[in-house]
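Structure record follows, encoded as structure tokens.
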Amino acid sequence: MTTIHQCKTRRESKMKLNNSLDLLFSITTRGNIPVDHAYSLYGALCRVMPTLHEHINILIHPIKGKYTGDGHLSINKSSHIRFRCKEQDVSKWLSLAGMSLSVNGCDLLVGGATAEQLISASVLRSAFVTTRNGHDENRFRQELARQLSDGKVVGETHILARKTMTIKEKKIVGFEVVVSGLDAESSIRLQEHGLGGRKKMGGGFFLPFSPR
């Protein structure tokens, strides 16, 4: 992990990486946040950065933390807010540093940003992918196949655990998804564009994955 001015380039292949990258904002808090916090986080971000709602070329990953066993996460030194955006848009989001966010009643202080370029990994995982009519697994599978084909992503899709996300007291159904057998180009495309909807709430956000 490096500063925004010194992006470290990490590769599994020698292909030239695209102009997307991840911005990781450190966070501190004295409280815990719910595991299901993606909608609240997005709302908090929009309150301090109103233009976020208008941008389509951005994906946001929920905060990772240590599970406390009661439906909540404790924040630690490795916790952060991850933005995936175009390199030319980085300056639009750096103002988040130093802001205070209220996520499900928990006050978070956002620290500085570091940057990571995308890695072309052969196996990628998203913790939550949702599509229209996604509660029907067969239709969900068909829609993923269509989106992967349209995006010229070639790989094998594995649909794992069924999950839900809460948005305004409504449960949105989705699935944990792993895509394997990706070549370098397909891997970068999938990470850059994601799959499905709710992409500013972690939906379809893919990261390199090493099965245990």
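Here, A, B, ... name the chains of the structure tokens in the order displayed, residue numbers run from 1 inside each chain, and ligands are numbered from 1 in the same displayed order.
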
Report task. Report the residues of region 10-212 of chain A whose backbone DSSP state falls under strand (DSSP E), written as a ChimeraX atom specification. Result -> /A:20-28,32-34,58-61,66-67,72-74,80-86,100-103,106-117,124-129,156-167,170-180,207-208

Query raised in the report: Any idea what the distance is between CA of Ser180 (chain A) and CA of Asn19 (chain A)?
Result: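 Straight-line distance from CA of Ser180 (chain A) to CA of Asn19 (chain A) works out to 23.2 Å.
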
Query - Contact residues around Leu59 (chain A) with only C-alpha atoms at 8 Å, ignoring same-chain residues under 2 positions, as JSON, numbers by chain - result: {"A": [57, 61, 83, 84, 85, 199, 200, 201, 202, 205]}

Query - Residues near region 137-144 of chain A, cut-off 12 Å, only C-alpha atoms, skip fewer than 4 positions along chain, as an MDAnalysis selection string - result: chainID A and resid 129:133 148:151 153:163 173:179 190 194:197 204

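Using only C-alpha atoms, the smallest distance between any of A:Arg146, A:Lys152, A:Arg189, A:His72 and Ile119 (chain A) comes from A:Arg189.
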
**Report entry** Shell of 7 Å around region 91-104 of chain A, only C-alpha atoms, local chain residues under 4 positions omitted, as a list of chain:residue names
**Finding:** A:Ile33, A:His37, A:Ser40, A:Leu41, A:Ala44, A:Leu108, A:Leu109, A:Val110, A:Gly111, A:Gly112, A:Ala113

Requested in this report: Report the residues of region 27-208 of chain A whose backbone DSSP state falls under alpha helix (DSSP H), written as a VMD selection string.
Outcome: chain A and resid 38 to 48 90 to 93 137 to 150 184 to 193

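Residues in contact range of Ile167 (chain A), defined as at most 6 Å between only C-alpha atoms, with sequence neighbours fewer than 2 positions away removed, read Tyr39, Glu169 and Lys170 of chain A.
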
Go ahead and save the picked residues with N, CA and C atoms, as a PDB file, in the first residue's frame.
ATOM      1  N   TYR A  39     -25.720   0.445   3.108  1.00  0.00           N
ATOM      2  CA  TYR A  39     -26.632   1.531   2.742  1.00  0.00           C
ATOM      3  C   TYR A  39     -26.395   2.755   3.618  1.00  0.00           C
ATOM      4  N   GLU A 169     -35.237  -0.551   5.308  1.00  0.00           N
ATOM      5  CA  GLU A 169     -36.006  -1.637   5.933  1.00  0.00           C
ATOM      6  C   GLU A 169     -36.455  -2.717   4.946  1.00  0.00           C
ATOM      7  N   LYS A 170     -35.995  -2.644   3.696  1.00  0.00           N
ATOM      8  CA  LYS A 170     -36.308  -3.671   2.713  1.00  0.00           C
ATOM      9  C   LYS A 170     -35.088  -4.574   2.535  1.00  0.00           C
TER      10      LYS A 170
END

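The coordinates place CA of Asp22 (chain A) at 17.9 Å from CA of Met49 (chain A).
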